[in-house]
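Below you'll find the structure, written out as C-alpha cells, and then a few comments.
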Amino acid sequence: MPNTLSRIGAIMRKESLHIVRDPQTLFIVIAMPAVMMFIFGYAFTTDVRDVAVAVQDLSRSTESGAIVRSIDASTMFRVAAVEGPIADPLEYFRTNRVKAIVCIPSDFAAAIRRPGGAAVQVLVDGSDSNLGNMIRNAAEAAILDPLLRVLNITRPDPVLVHQHVLYNPHQRSAFFFVPGLMVLILSMMSALLTSVALVREKEMGTMAQLVVSPLHSFEIIAGKLVPFMILAAVDGALVLFIGRVAFGVQVSGSMLLLASVSVLYIVVMLSFGLLISSITNRQLHAMFIAIIVTLLPIIMLTGYVFPVASMPAPLRWLSATIPATYFLQIVRAIILKGVGADVLWMPISVLTVQAIILIAASIKRFRMVA
Amino acid sequence: MRRLRILIWKEFRQLHNDPIAVRLMIFPVLVQMLVLGYAVTTEVRNTPITICDRSNTPQSRSLVGTIAGNALFVFKGMAATEEDVRARLDDGHARIGIVISPDFATAIGQGRAADIEMLVDGQDANSSNVAGGYVRAIVQGWAKQVYARKLEAQGLSIDDVLPARVQPVILFNPLLKSTWFMVPAMAVLLVTMVTALLTGFSIVREREAGTLEQLMVTPLESAELVIGKSIPFMLIGFVELCAVLLVAKVWFMIPFRGNYLTIFLFAFIYMFSSIGLGILVSSIARTPHQALYFTWFILIFFVLLSGFFLPLENMPHWIQQFTRINPLRYFMFAVREVFLKGSGIGELWREAAAMLVIGCVVYSMAMVSFKRRIG
C-alpha cells in the first residue's frame, strides 16, 4: 500500500509540473472564474426596466396625456415617442425599435365616459417572446390605472395576492447566478483540463513509457486526477469567495456538505474528461468534445437558465442523465435553502452512482488503450 | 489570384484529411441546435404548486379548482397547514405555495378585498417571477368573473364600469413562441464557433506540423496566406448558415420574412471578425490548447454579452457600452430582425457599419500579428 501511494505521488508530481510549466493555462484557470463572476454579477438582471414604447395619440386630450405621463413614469416602460397617425405599424417597429405601440383612438375622451368605454389597442413586438409576454401582461394595468385615477373611479379589486419570495427574498440575481456559475466553472475546468491529460501522452509518445512502467492503471489515473482536482477545488472556492465578498451571497447550509459534494462532482467531471481523453487521439479533438458536451448542455439543459420543467419530456429525460443537473440542485439547495443531506440524499446518491460508473468506465477504457 | 486558388484548394484537402475535426465541428453542433431549440424555452410551464385552503368554503374551493386545473401548473395536492406548505417548498416538491386566508369568503361576500398569501421558491428568480405572475393573472381572472356575476345580478355588465378595454395585439410572433426568437440566434452561435475555432485550429495545426515554415519560404505574401486561410472557412460558415436556416424553416417552421441576401451580406461582414479572431488568437498563443482556451474564453463573453438570452437593455450602462465592441451583438440583432421582422439593410445599416469597422480592425490586427509571427 505505501508503495502504491508513493507511485501515485510520483504521477501527481509529474502532472503538477505540467500544470505549473504552462502559466498561460494556469492564468486562464484562475482568471476566467473571477472575470466571469464579475461580468455575470452585473449583467445578470432578470427584472425588465425602461422598455421603449411609442404612443399613437390621436385624441390629444387631458386623459390621453395622463396615460402617456403615467407610462413614462413607470419603472417598466418609457415613452420613446408620441406620434400622430402611424401609417404602417410594422415599418414603424422596424425603423424605430420600440417594443410596443399604444394606439389611443381620436374619440377617446368622449368614449371613456360612455357605457362600453373606449377601445385601446396595444401593438406588441412579439419577436422576443419573453419580453412580449411581459408587455402583454402589464399593458392593461399600465393604461387602466392612470385612467381610473383621472376619472376618480376606485377599481374594484376583490382579491389581493401577497407574494413572498422564499430563499431569495430580495430577488437578488447574485443568488441565482452564483450557484449556477459554480457548477458551470467546476464542470468546464475539470472536463477541459483532464480531457487532454492522456491525449497529450499519446501525442508525445510518452503513453507507451507509462504503460511499460510498473504502474497500475488505477495508480496512473489517480495520480493524474488529484492535481486537477485541487485546481478545480480552488476555482470552486474562488467562486464562493467572490460571491460572498462582492455580492454578499452566503452559504446558508453546511459548508462541509457543500465541499464534499463538490469534490464528488469534480471526480465525476474529471473521470468524464479522462474518458474523452481515452477515446480521442488528438488534443484539439479532445478539447473540442469537452467543450461541446459541457458548455451548452450545462447552460441550457440543467435548469441553470431555462427551467427544466417547461421542456418537452424527452429533454427532461436527457436533463436527468446529466450530472450537472443534480449538482446544481444540490448547490442551490445548500447555498440558498440551507437544507441538509436528509433532504438531498436523492441527488447525492445519483451523483455517487454516476461517479462510480464514470471512474470504472475511464479505468476500463484506459486499460484498453494501454 | 492563382496562388490564392491553390492555397484554398490546399486548405480543403487538409480538412479532407482530418475528417474527424470537420465532423466534430458540424454534426454535434447541428444536433445540439435541434435539441436545444426546444430547451431554450423562456416560457415557464409545469410549475409544481400546492395550496392550503384555510377558508374551505364554496368560493375558496372554486378558486382552488381554477388554479389546480390550469395547464400551466402541476397540482401537487392540498397542504394541511401553512407549515406544511413551507415544508413542501423546502424539500422541493412544490415551487409555489398558496395559502387562502380563513376569512376569504366573508371578505368577498362583504365586498372587502380578500387576501391570498403566495409563497414562491426564489432560487430561480426569473422563472419564479413569471410563474407568480401567472398565479396573479389566474386569481384576477377568477375575481373578475365573480365581480361580473355580482354586477349581472344588478343588471350591469363589467364593460360599463371600466372606462376602457385594452386589446393587446402581438405582431411578428403571434403565439409568442420562444423557438422563433432563439433558433435564428443559434445560427449566429454556430457560424461563430465554426469559423473562429476551425480557422484557429488550422493555423495551430500547421505550426505543429511545421508546414507553416514551409509556406513562409514560398513566394506567398503573408496577406495572401491569411486570405487563403480565411476563404475556405468563410465558405464553410455559409454552408452552416444555410443548414441552420433550412432547419429553422423546415423543422421549426419559423417564417423567414426578410431577404436572404441581407442575411448573407451580414454574415459576410461578420465573418471578418470571427475568422480574424481565430487567426489573431492562434498567432498569439504558443500551444494548441492555449489557442483553444483563449478563443473559447473570448467566445463565452461574446455570447453572454450578445443579447442571446440575457437582454442587453437590462444590463447596467457600462456593460452596455462595453458590448458595443462585441461583433456578435450586432450580428445577433440583425439576424433576428431580418428573420422575424423582415428588416432590410435600410433599417440595419448602423449594425452593418459597426460590424464592418470591428471586422476591419480585427482582421488587420490578425494580418499584422500573423506576419510578425512568421516573420
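To be explicit about the labels: the chains of the C-alpha cells are called A, B, and onward in the order shown, and within each one the residues are counted from 1, while ligands get numbers from 1 in the order they are shown.
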
Open item on the list: What's around B:Ala71 at 10 Å? Count only C-alpha atoms, leave out sequence neighbours fewer than 2 positions away in its own chain, and write the answer as a PyMOL selection string.
Closed with: chain B and resi 45-47+67-69+73-75

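Taking only C-alpha atoms, the non-local environment of stretch 240-256 of chain A within 8 Å (same-chain residues fewer than 6 positions away omitted) comprises Ala34, Met37, Gly41, Ala174, Phe175, Val178, Met182, Ile334, Ile335, Leu336, Lys337, Gly338, Val339 and Gly340 of chain A.
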
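Contact shell of stretch 137-145 of chain A at 6 Å (only C-alpha atoms; same-chain neighbours under 3 positions omitted): Met134 and Leu148 of chain A; Val166 of chain B.
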
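For the atom pair formed by atom CA of A:Ile230 and atom CA of A:Ser6, the distance is 18.1 Å, given to one decimal.
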
- [ ] Could you tell me, as a ChimeraX atom specification, which residues of stretch 131-297 of chain A DSSP assigns to helix (DSSP H, G or I) when given the backbone?
- [x] /A:131-150,173-195,197-204,206-212,217-247,255-279,283-297

- [ ] With a distance cut-off of 7 Å and only C-alpha atoms, select the neighbouring residues of B:Leu328, excluding the residue or stretch itself and same-chain residues fewer than 4 positions from it, and output the selection as an MDAnalysis selection string.
- [x] chainID B and resid 302 306 332

TODO: In Å, rounded to a single decimal, give me how far atom CA of A:Leu225 is from atom CA of A:Val268.
DONE: 10.7 Å

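The space between atom CA of A:Ile276 and atom CA of A:Leu193 spans 11.0 Å.
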
- [ ] Extract, using only C-alpha atoms, all DNA, RNA and protein residues at most 9 Å from stretch 157-169 of chain A, discarding same-chain residues fewer than 5 positions from it, and format them as an NGL selection string.
- [x] (:A and (175-176 or 336-338)) or (:B and (89 or 104 or 107-108 or 111-125 or 128-129 or 132 or 135-136 or 139-140 or 143-144 or 146-147))

TODO: Check stretch 60-185 of chain A with DSSP on the backbone and list each residue it calls strand (DSSP E or B), as a ChimeraX atom specification.
DONE: /A:77-83,100-104,118-125,159-166

Once you have the residues from the selection above, write them out as an mmCIF file, in the first residue's frame, restricted to N, CA, C and O atoms.
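selection_9.cif, written as the output of this step:
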data_model
loop_
_atom_site.group_PDB
_atom_site.id
_atom_site.type_symbol
_atom_site.label_atom_id
_atom_site.label_comp_id
_atom_site.auth_asym_id
_atom_site.auth_seq_id
_atom_site.Cartn_x
_atom_site.Cartn_y
_atom_site.Cartn_z
ATOM 1 N N PHE A 77 -41.782 50.789 -18.250
ATOM 2 C CA PHE A 77 -41.807 51.392 -19.592
ATOM 3 C C PHE A 77 -41.206 52.789 -19.610
ATOM 4 O O PHE A 77 -41.107 53.456 -18.587
ATOM 5 N N ARG A 78 -40.831 53.227 -20.802
ATOM 6 C CA ARG A 78 -40.558 54.635 -21.018
ATOM 7 C C ARG A 78 -41.150 54.972 -22.383
ATOM 8 O O ARG A 78 -41.157 54.144 -23.298
ATOM 9 N N VAL A 79 -41.682 56.178 -22.516
ATOM 10 C CA VAL A 79 -42.294 56.573 -23.777
ATOM 11 C C VAL A 79 -41.207 57.149 -24.672
ATOM 12 O O VAL A 79 -40.604 58.181 -24.367
ATOM 13 N N ALA A 80 -40.938 56.476 -25.774
ATOM 14 C CA ALA A 80 -39.867 56.916 -26.670
ATOM 15 C C ALA A 80 -40.373 58.005 -27.602
ATOM 16 O O ALA A 80 -39.623 58.899 -27.977
ATOM 17 N N ALA A 81 -41.656 57.964 -27.968
ATOM 18 C CA ALA A 81 -42.187 58.963 -28.890
ATOM 19 C C ALA A 81 -43.700 59.014 -28.782
ATOM 20 O O ALA A 81 -44.338 58.001 -28.528
ATOM 21 N N VAL A 82 -44.264 60.210 -28.918
ATOM 22 C CA VAL A 82 -45.712 60.353 -29.038
ATOM 23 C C VAL A 82 -45.976 60.763 -30.479
ATOM 24 O O VAL A 82 -45.452 61.777 -30.951
ATOM 25 N N GLU A 83 -46.732 59.955 -31.197
ATOM 26 C CA GLU A 83 -46.867 60.148 -32.633
ATOM 27 C C GLU A 83 -48.303 60.499 -33.000
ATOM 28 O O GLU A 83 -49.233 60.225 -32.252
ATOM 29 N N ALA A 100 -43.445 48.317 -28.213
ATOM 30 C CA ALA A 100 -44.903 48.318 -28.251
ATOM 31 C C ALA A 100 -45.395 49.675 -28.735
ATOM 32 O O ALA A 100 -44.707 50.693 -28.575
ATOM 33 N N ILE A 101 -46.576 49.676 -29.356
ATOM 34 C CA ILE A 101 -47.218 50.930 -29.741
ATOM 35 C C ILE A 101 -48.603 50.943 -29.096
ATOM 36 O O ILE A 101 -49.391 50.017 -29.291
ATOM 37 N N VAL A 102 -48.882 51.984 -28.295
ATOM 38 C CA VAL A 102 -50.200 52.134 -27.684
ATOM 39 C C VAL A 102 -51.020 53.036 -28.599
ATOM 40 O O VAL A 102 -50.608 54.160 -28.898
ATOM 41 N N CYS A 103 -52.164 52.528 -29.083
ATOM 42 C CA CYS A 103 -52.963 53.299 -30.035
ATOM 43 C C CYS A 103 -54.193 53.869 -29.328
ATOM 44 O O CYS A 103 -55.127 53.130 -28.997
ATOM 45 N N ILE A 104 -54.188 55.180 -29.109
ATOM 46 C CA ILE A 104 -55.326 55.835 -28.463
ATOM 47 C C ILE A 104 -56.196 56.443 -29.561
ATOM 48 O O ILE A 104 -55.711 57.261 -30.350
ATOM 49 N N ALA A 118 -63.828 53.109 -24.122
ATOM 50 C CA ALA A 118 -63.007 53.249 -25.324
ATOM 51 C C ALA A 118 -62.219 51.971 -25.544
ATOM 52 O O ALA A 118 -61.949 51.231 -24.611
ATOM 53 N N ALA A 119 -61.854 51.745 -26.799
ATOM 54 C CA ALA A 119 -61.015 50.587 -27.108
ATOM 55 C C ALA A 119 -59.596 51.068 -27.363
ATOM 56 O O ALA A 119 -59.370 51.878 -28.248
ATOM 57 N N VAL A 120 -58.652 50.610 -26.555
ATOM 58 C CA VAL A 120 -57.247 50.988 -26.733
ATOM 59 C C VAL A 120 -56.489 49.761 -27.205
ATOM 60 O O VAL A 120 -56.490 48.727 -26.543
ATOM 61 N N GLN A 121 -55.876 49.893 -28.358
ATOM 62 C CA GLN A 121 -55.114 48.769 -28.870
ATOM 63 C C GLN A 121 -53.646 48.923 -28.480
ATOM 64 O O GLN A 121 -53.108 50.032 -28.528
ATOM 65 N N VAL A 122 -53.044 47.808 -28.077
ATOM 66 C CA VAL A 122 -51.614 47.834 -27.799
ATOM 67 C C VAL A 122 -50.938 46.864 -28.764
ATOM 68 O O VAL A 122 -51.175 45.658 -28.712
ATOM 69 N N LEU A 123 -50.147 47.394 -29.681
ATOM 70 C CA LEU A 123 -49.417 46.531 -30.609
ATOM 71 C C LEU A 123 -48.099 46.154 -29.949
ATOM 72 O O LEU A 123 -47.339 47.022 -29.522
ATOM 73 N N VAL A 124 -47.847 44.843 -29.833
ATOM 74 C CA VAL A 124 -46.666 44.375 -29.119
ATOM 75 C C VAL A 124 -45.717 43.689 -30.094
ATOM 76 O O VAL A 124 -46.143 42.867 -30.902
ATOM 77 N N ASP A 125 -44.437 44.042 -30.025
ATOM 78 C CA ASP A 125 -43.432 43.334 -30.802
ATOM 79 C C ASP A 125 -43.155 42.005 -30.109
ATOM 80 O O ASP A 125 -42.527 41.960 -29.065
ATOM 81 N N VAL A 159 -59.648 40.472 -4.877
ATOM 82 C CA VAL A 159 -58.690 39.553 -4.270
ATOM 83 C C VAL A 159 -57.290 40.146 -4.359
ATOM 84 O O VAL A 159 -56.858 40.572 -5.418
ATOM 85 N N LEU A 160 -56.596 40.200 -3.233
ATOM 86 C CA LEU A 160 -55.217 40.682 -3.236
ATOM 87 C C LEU A 160 -54.275 39.501 -3.061
ATOM 88 O O LEU A 160 -54.436 38.708 -2.141
ATOM 89 N N VAL A 161 -53.307 39.391 -3.953
ATOM 90 C CA VAL A 161 -52.328 38.309 -3.818
ATOM 91 C C VAL A 161 -51.052 38.908 -3.244
ATOM 92 O O VAL A 161 -50.457 39.800 -3.836
ATOM 93 N N HIS A 162 -50.670 38.453 -2.073
ATOM 94 C CA HIS A 162 -49.420 38.929 -1.469
ATOM 95 C C HIS A 162 -48.327 37.924 -1.758
ATOM 96 O O HIS A 162 -48.416 36.780 -1.344
ATOM 97 N N GLN A 163 -47.304 38.378 -2.466
ATOM 98 C CA GLN A 163 -46.257 37.426 -2.847
ATOM 99 C C GLN A 163 -45.098 37.470 -1.866
ATOM 100 O O GLN A 163 -44.599 38.537 -1.525
ATOM 101 N N HIS A 164 -44.685 36.294 -1.384
ATOM 102 C CA HIS A 164 -43.490 36.195 -0.546
ATOM 103 C C HIS A 164 -42.486 35.330 -1.263
ATOM 104 O O HIS A 164 -42.785 34.181 -1.568
ATOM 105 N N VAL A 165 -41.321 35.884 -1.547
ATOM 106 C CA VAL A 165 -40.319 35.080 -2.222
ATOM 107 C C VAL A 165 -39.405 34.456 -1.183
ATOM 108 O O VAL A 165 -38.796 35.162 -0.383
ATOM 109 N N LEU A 166 -39.349 33.136 -1.193
ATOM 110 C CA LEU A 166 -38.520 32.427 -0.224
ATOM 111 C C LEU A 166 -37.113 32.237 -0.780
ATOM 112 O O LEU A 166 -36.914 32.250 -1.982
#

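Comparing the minimum interatomic distances between B:Phe309 and each of A:Ala208, A:Leu131, A:Leu257, A:Ile221, counting only C-alpha atoms, we find that A:Leu131 sits nearest.
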
Open item on the list: Taking 3 positions as the minimum chain separation for residues in the same chain, which residues sit within 8 Å of B:Val335 when counting only C-alpha atoms? Answer as a PyMOL selection string.
Closed with: chain B and resi 184-185+188+263+331-332+338-339

Go ahead and dump the residues you just picked, C-alpha atoms, as a PDB file, in the first residue's frame.
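Everything below was put into out03.pdb:
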ATOM      1  CA  PRO B 184     -32.269  32.188 -35.504  1.00  0.00           C
ATOM      2  CA  ALA B 185     -29.854  33.182 -32.759  1.00  0.00           C
ATOM      3  CA  VAL B 188     -25.266  33.067 -35.150  1.00  0.00           C
ATOM      4  CA  ILE B 263     -28.574  37.717 -44.119  1.00  0.00           C
ATOM      5  CA  PHE B 331     -24.969  40.055 -35.938  1.00  0.00           C
ATOM      6  CA  MET B 332     -27.362  38.509 -33.418  1.00  0.00           C
ATOM      7  CA  VAL B 338     -34.216  40.140 -40.670  1.00  0.00           C
ATOM      8  CA  PHE B 339     -35.676  36.764 -39.804  1.00  0.00           C
TER       9      PHE B 339
END

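Between chain A and the candidates B:Asp103, B:Asp53, B:Glu221, B:Asp91, the tightest atom-to-atom separation, counting only C-alpha atoms, involves B:Asp91.
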
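Distances to chain A were evaluated for B:Arg257, B:Arg165, B:Lys150, B:Arg3 using only C-alpha atoms, and the minimum falls at B:Arg165.
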
Give me, as a tab-separated table (two decimals) with all heavy atoms, in the first residue's frame, all polymer residues having an atom no more than 12 Å from B:Leu225, counting only C-alpha atoms and skipping those fewer than 5 positions away in the same chain.
chain	number	residue	atom	x	y	z
B	1	MET	N	-3.83	35.67	-57.87
B	1	MET	CA	-5.14	35.02	-57.87
B	1	MET	C	-4.98	33.50	-57.94
B	1	MET	O	-5.66	32.76	-57.24
B	1	MET	CB	-5.93	35.53	-59.09
B	1	MET	CG	-7.39	35.87	-58.81
B	1	MET	SD	-7.71	36.54	-57.18
B	1	MET	CE	-9.18	35.64	-56.79
B	3	ARG	N	-2.37	31.80	-57.06
B	3	ARG	CA	-1.78	31.33	-55.81
B	3	ARG	C	-2.86	31.14	-54.75
B	3	ARG	O	-2.87	30.18	-54.01
B	3	ARG	CB	-0.79	32.37	-55.29
B	3	ARG	CG	0.43	32.50	-56.11
B	3	ARG	CD	1.40	33.32	-55.31
B	3	ARG	NE	2.31	34.07	-56.16
B	3	ARG	CZ	2.85	35.21	-55.81
B	3	ARG	NH1	2.54	35.75	-54.66
B	3	ARG	NH2	3.70	35.82	-56.60
B	4	LEU	N	-3.76	32.14	-54.73
B	4	LEU	CA	-4.83	32.10	-53.75
B	4	LEU	C	-5.68	30.85	-53.95
B	4	LEU	O	-6.06	30.17	-53.00
B	4	LEU	CB	-5.68	33.36	-53.91
B	4	LEU	CG	-6.26	33.95	-52.64
B	4	LEU	CD1	-5.16	34.16	-51.62
B	4	LEU	CD2	-6.94	35.26	-52.94
B	5	ARG	N	-5.95	30.57	-55.26
B	5	ARG	CA	-6.80	29.42	-55.56
B	5	ARG	C	-6.13	28.13	-55.07
B	5	ARG	O	-6.77	27.25	-54.51
B	5	ARG	CB	-7.08	29.37	-57.06
B	5	ARG	CG	-8.53	29.06	-57.32
B	5	ARG	CD	-8.91	29.11	-58.79
B	5	ARG	NE	-7.95	28.57	-59.70
B	5	ARG	CZ	-7.46	29.24	-60.74
B	5	ARG	NH1	-7.83	30.47	-60.96
B	5	ARG	NH2	-6.60	28.67	-61.56
B	6	ILE	N	-4.82	28.06	-55.28
B	6	ILE	CA	-4.10	26.86	-54.86
B	6	ILE	C	-4.13	26.73	-53.33
B	6	ILE	O	-4.35	25.63	-52.79
B	6	ILE	CB	-2.64	26.91	-55.38
B	6	ILE	CG1	-2.67	26.81	-56.90
B	6	ILE	CG2	-1.83	25.77	-54.79
B	6	ILE	CD1	-1.34	27.05	-57.55
B	7	LEU	N	-3.95	27.87	-52.67
B	7	LEU	CA	-4.00	27.85	-51.20
B	7	LEU	C	-5.34	27.34	-50.69
B	7	LEU	O	-5.41	26.54	-49.77
B	7	LEU	CB	-3.77	29.27	-50.67
B	7	LEU	CG	-2.38	29.61	-50.15
B	7	LEU	CD1	-2.37	31.05	-49.67
B	7	LEU	CD2	-1.98	28.68	-49.02
B	8	ILE	N	-6.40	27.86	-51.31
B	8	ILE	CA	-7.74	27.46	-50.89
B	8	ILE	C	-7.94	25.97	-51.10
B	8	ILE	O	-8.46	25.25	-50.25
B	8	ILE	CB	-8.80	28.28	-51.66
B	8	ILE	CG1	-8.70	29.74	-51.25
B	8	ILE	CG2	-10.19	27.76	-51.40
B	8	ILE	CD1	-9.47	30.68	-52.14
B	10	LYS	N	-5.62	23.73	-51.21
B	10	LYS	CA	-4.81	23.04	-50.19
B	10	LYS	C	-5.58	22.93	-48.86
B	10	LYS	O	-5.59	21.90	-48.21
B	10	LYS	CB	-3.51	23.81	-49.97
B	10	LYS	CG	-2.71	23.35	-48.76
B	10	LYS	CD	-1.70	24.36	-48.30
B	10	LYS	CE	-2.24	25.42	-47.39
B	10	LYS	NZ	-2.38	25.11	-46.01
B	11	GLU	N	-6.23	24.04	-48.49
B	11	GLU	CA	-6.94	24.09	-47.23
B	11	GLU	C	-8.05	23.03	-47.21
B	11	GLU	O	-8.25	22.34	-46.22
B	11	GLU	CB	-7.52	25.49	-47.06
B	11	GLU	CG	-7.64	25.95	-45.64
B	11	GLU	CD	-6.32	25.95	-44.92
B	11	GLU	OE1	-5.32	26.50	-45.44
B	11	GLU	OE2	-6.27	25.36	-43.84
B	203	ILE	N	-4.51	26.91	-38.26
B	203	ILE	CA	-3.21	27.56	-38.16
B	203	ILE	C	-2.33	26.86	-37.12
B	203	ILE	O	-1.16	26.57	-37.36
B	203	ILE	CB	-3.39	29.06	-37.81
B	203	ILE	CG1	-3.97	29.76	-39.02
B	203	ILE	CG2	-2.07	29.68	-37.40
B	203	ILE	CD1	-4.22	31.21	-38.82
B	212	LEU	N	3.87	25.50	-41.57
B	212	LEU	CA	3.75	26.95	-41.66
B	212	LEU	C	5.07	27.55	-42.13
B	212	LEU	O	5.10	28.48	-42.94
B	212	LEU	CB	3.35	27.51	-40.29
B	212	LEU	CG	2.54	28.81	-40.32
B	212	LEU	CD1	1.28	28.64	-41.13
B	212	LEU	CD2	2.19	29.23	-38.91
B	213	GLU	N	6.19	26.97	-41.64
B	213	GLU	CA	7.51	27.43	-42.08
B	213	GLU	C	7.67	27.20	-43.58
B	213	GLU	O	8.21	28.03	-44.29
B	213	GLU	CB	8.62	26.70	-41.33
B	213	GLU	CG	9.00	27.31	-39.99
B	213	GLU	CD	8.06	26.90	-38.88
B	213	GLU	OE1	7.35	25.89	-39.04
B	213	GLU	OE2	8.01	27.62	-37.86
B	214	GLN	N	7.19	26.06	-44.03
B	214	GLN	CA	7.31	25.76	-45.46
B	214	GLN	C	6.55	26.78	-46.29
B	214	GLN	O	7.00	27.22	-47.34
B	214	GLN	CB	6.77	24.36	-45.74
B	214	GLN	CG	7.64	23.27	-45.14
B	214	GLN	CD	7.07	21.90	-45.42
B	214	GLN	OE1	6.16	21.75	-46.23
B	214	GLN	NE2	7.61	20.90	-44.75
B	215	LEU	N	5.35	27.15	-45.78
B	215	LEU	CA	4.56	28.15	-46.51
B	215	LEU	C	5.28	29.49	-46.56
B	215	LEU	O	5.22	30.21	-47.55
B	215	LEU	CB	3.20	28.32	-45.85
B	215	LEU	CG	2.17	27.24	-46.14
B	215	LEU	CD1	0.91	27.50	-45.33
B	215	LEU	CD2	1.84	27.22	-47.63
B	216	MET	N	5.99	29.79	-45.44
B	216	MET	CA	6.67	31.07	-45.36
B	216	MET	C	7.77	31.22	-46.40
B	216	MET	O	7.99	32.31	-46.93
B	216	MET	CB	7.30	31.24	-43.98
B	216	MET	CG	6.38	31.79	-42.94
B	216	MET	SD	6.99	31.27	-41.35
B	216	MET	CE	8.74	31.59	-41.51
B	217	VAL	N	8.47	30.13	-46.67
B	217	VAL	CA	9.58	30.24	-47.61
B	217	VAL	C	9.11	30.21	-49.07
B	217	VAL	O	9.91	30.39	-49.97
B	217	VAL	CB	10.64	29.14	-47.38
B	217	VAL	CG1	11.28	29.30	-46.02
B	217	VAL	CG2	10.04	27.75	-47.53
B	218	THR	N	7.83	30.01	-49.29
B	218	THR	CA	7.31	30.12	-50.65
B	218	THR	C	7.17	31.61	-50.98
B	218	THR	O	7.21	32.45	-50.08
B	218	THR	CB	5.93	29.45	-50.78
B	218	THR	OG1	5.04	30.15	-49.93
B	218	THR	CG2	5.98	27.99	-50.40
B	219	PRO	N	7.01	31.94	-52.25
B	219	PRO	CA	6.88	33.37	-52.58
B	219	PRO	C	5.56	34.00	-52.14
B	219	PRO	O	5.30	35.16	-52.46
B	219	PRO	CB	7.02	33.38	-54.11
B	219	PRO	CG	6.77	32.01	-54.57
B	219	PRO	CD	7.12	31.10	-53.45
B	220	LEU	N	4.74	33.29	-51.38
B	220	LEU	CA	3.44	33.83	-50.97
B	220	LEU	C	3.61	34.98	-49.97
B	220	LEU	O	4.41	34.90	-49.05
B	220	LEU	CB	2.60	32.74	-50.32
B	220	LEU	CG	2.03	31.67	-51.24
B	220	LEU	CD1	1.65	30.45	-50.43
B	220	LEU	CD2	0.84	32.21	-51.98
B	230	SER	N	-8.65	32.27	-44.87
B	230	SER	CA	-9.99	32.73	-44.49
B	230	SER	C	-11.08	32.21	-45.42
B	230	SER	O	-12.15	31.82	-44.96
B	230	SER	CB	-10.05	34.25	-44.49
B	230	SER	OG	-8.97	34.78	-43.81
B	231	ILE	N	-10.81	32.25	-46.72
B	231	ILE	CA	-11.89	31.97	-47.68
B	231	ILE	C	-12.53	30.59	-47.49
B	231	ILE	O	-13.76	30.50	-47.43
B	231	ILE	CB	-11.41	32.20	-49.13
B	231	ILE	CG1	-11.15	33.70	-49.31
B	231	ILE	CG2	-12.43	31.72	-50.14
B	231	ILE	CD1	-10.57	34.08	-50.64
B	232	PRO	N	-11.72	29.52	-47.33
B	232	PRO	CA	-12.39	28.22	-47.16
B	232	PRO	C	-13.31	28.20	-45.94
B	232	PRO	O	-14.41	27.64	-46.01
B	232	PRO	CB	-11.23	27.25	-46.95
B	232	PRO	CG	-10.05	27.93	-47.48
B	232	PRO	CD	-10.27	29.39	-47.33
B	279	ILE	N	-7.67	33.74	-36.22
B	279	ILE	CA	-6.29	33.90	-36.68
B	279	ILE	C	-5.47	34.64	-35.62
B	279	ILE	O	-4.35	34.24	-35.29
B	279	ILE	CB	-6.25	34.67	-38.01
B	279	ILE	CG1	-6.97	33.87	-39.09
B	279	ILE	CG2	-4.82	34.95	-38.43
B	279	ILE	CD1	-7.13	34.59	-40.40
B	366	ALA	N	-5.17	40.80	-37.10
B	366	ALA	CA	-4.82	39.40	-37.36
B	366	ALA	C	-3.70	39.32	-38.38
B	366	ALA	O	-2.73	38.58	-38.22
B	366	ALA	CB	-6.04	38.64	-37.83
B	367	MET	N	-3.82	40.11	-39.45
B	367	MET	CA	-2.80	40.09	-40.51
B	367	MET	C	-1.45	40.50	-39.95
B	367	MET	O	-0.43	39.87	-40.21
B	367	MET	CB	-3.20	41.04	-41.63
B	367	MET	CG	-4.15	40.41	-42.60
B	367	MET	SD	-3.97	41.21	-44.19
B	367	MET	CE	-5.20	40.37	-45.14
B	368	VAL	N	-1.45	41.59	-39.17
B	368	VAL	CA	-0.19	42.10	-38.63
B	368	VAL	C	0.45	41.07	-37.70
B	368	VAL	O	1.64	40.74	-37.83
B	368	VAL	CB	-0.43	43.44	-37.88
B	368	VAL	CG1	0.81	43.84	-37.10
B	368	VAL	CG2	-0.83	44.52	-38.86
B	370	PHE	N	-0.05	37.91	-37.54
B	370	PHE	CA	0.34	36.71	-38.29
B	370	PHE	C	1.68	36.95	-38.98
B	370	PHE	O	2.58	36.11	-38.96
B	370	PHE	CB	-0.74	36.39	-39.32
B	370	PHE	CG	-0.53	35.10	-40.05
B	370	PHE	CD1	-0.84	33.90	-39.44
B	370	PHE	CD2	-0.03	35.09	-41.34
B	370	PHE	CE1	-0.65	32.70	-40.11
B	370	PHE	CE2	0.15	33.89	-42.01
B	370	PHE	CZ	-0.16	32.70	-41.39
B	371	LYS	N	1.81	38.13	-39.56
B	371	LYS	CA	3.03	38.48	-40.28
B	371	LYS	C	4.22	38.49	-39.32
B	371	LYS	O	5.28	37.94	-39.60
B	371	LYS	CB	2.86	39.87	-40.91
B	371	LYS	CG	3.90	40.19	-41.95
B	371	LYS	CD	3.54	41.48	-42.65
B	371	LYS	CE	4.59	41.81	-43.69
B	371	LYS	NZ	4.27	43.05	-44.39
B	374	ILE	N	5.25	34.92	-38.25
B	374	ILE	CA	6.03	34.10	-39.18
B	374	ILE	C	7.25	34.84	-39.69
B	374	ILE	O	8.13	34.26	-40.28
B	374	ILE	CB	5.17	33.62	-40.38
B	374	ILE	CG1	4.65	34.79	-41.18
B	374	ILE	CG2	4.05	32.73	-39.91
B	374	ILE	CD1	3.95	34.38	-42.45
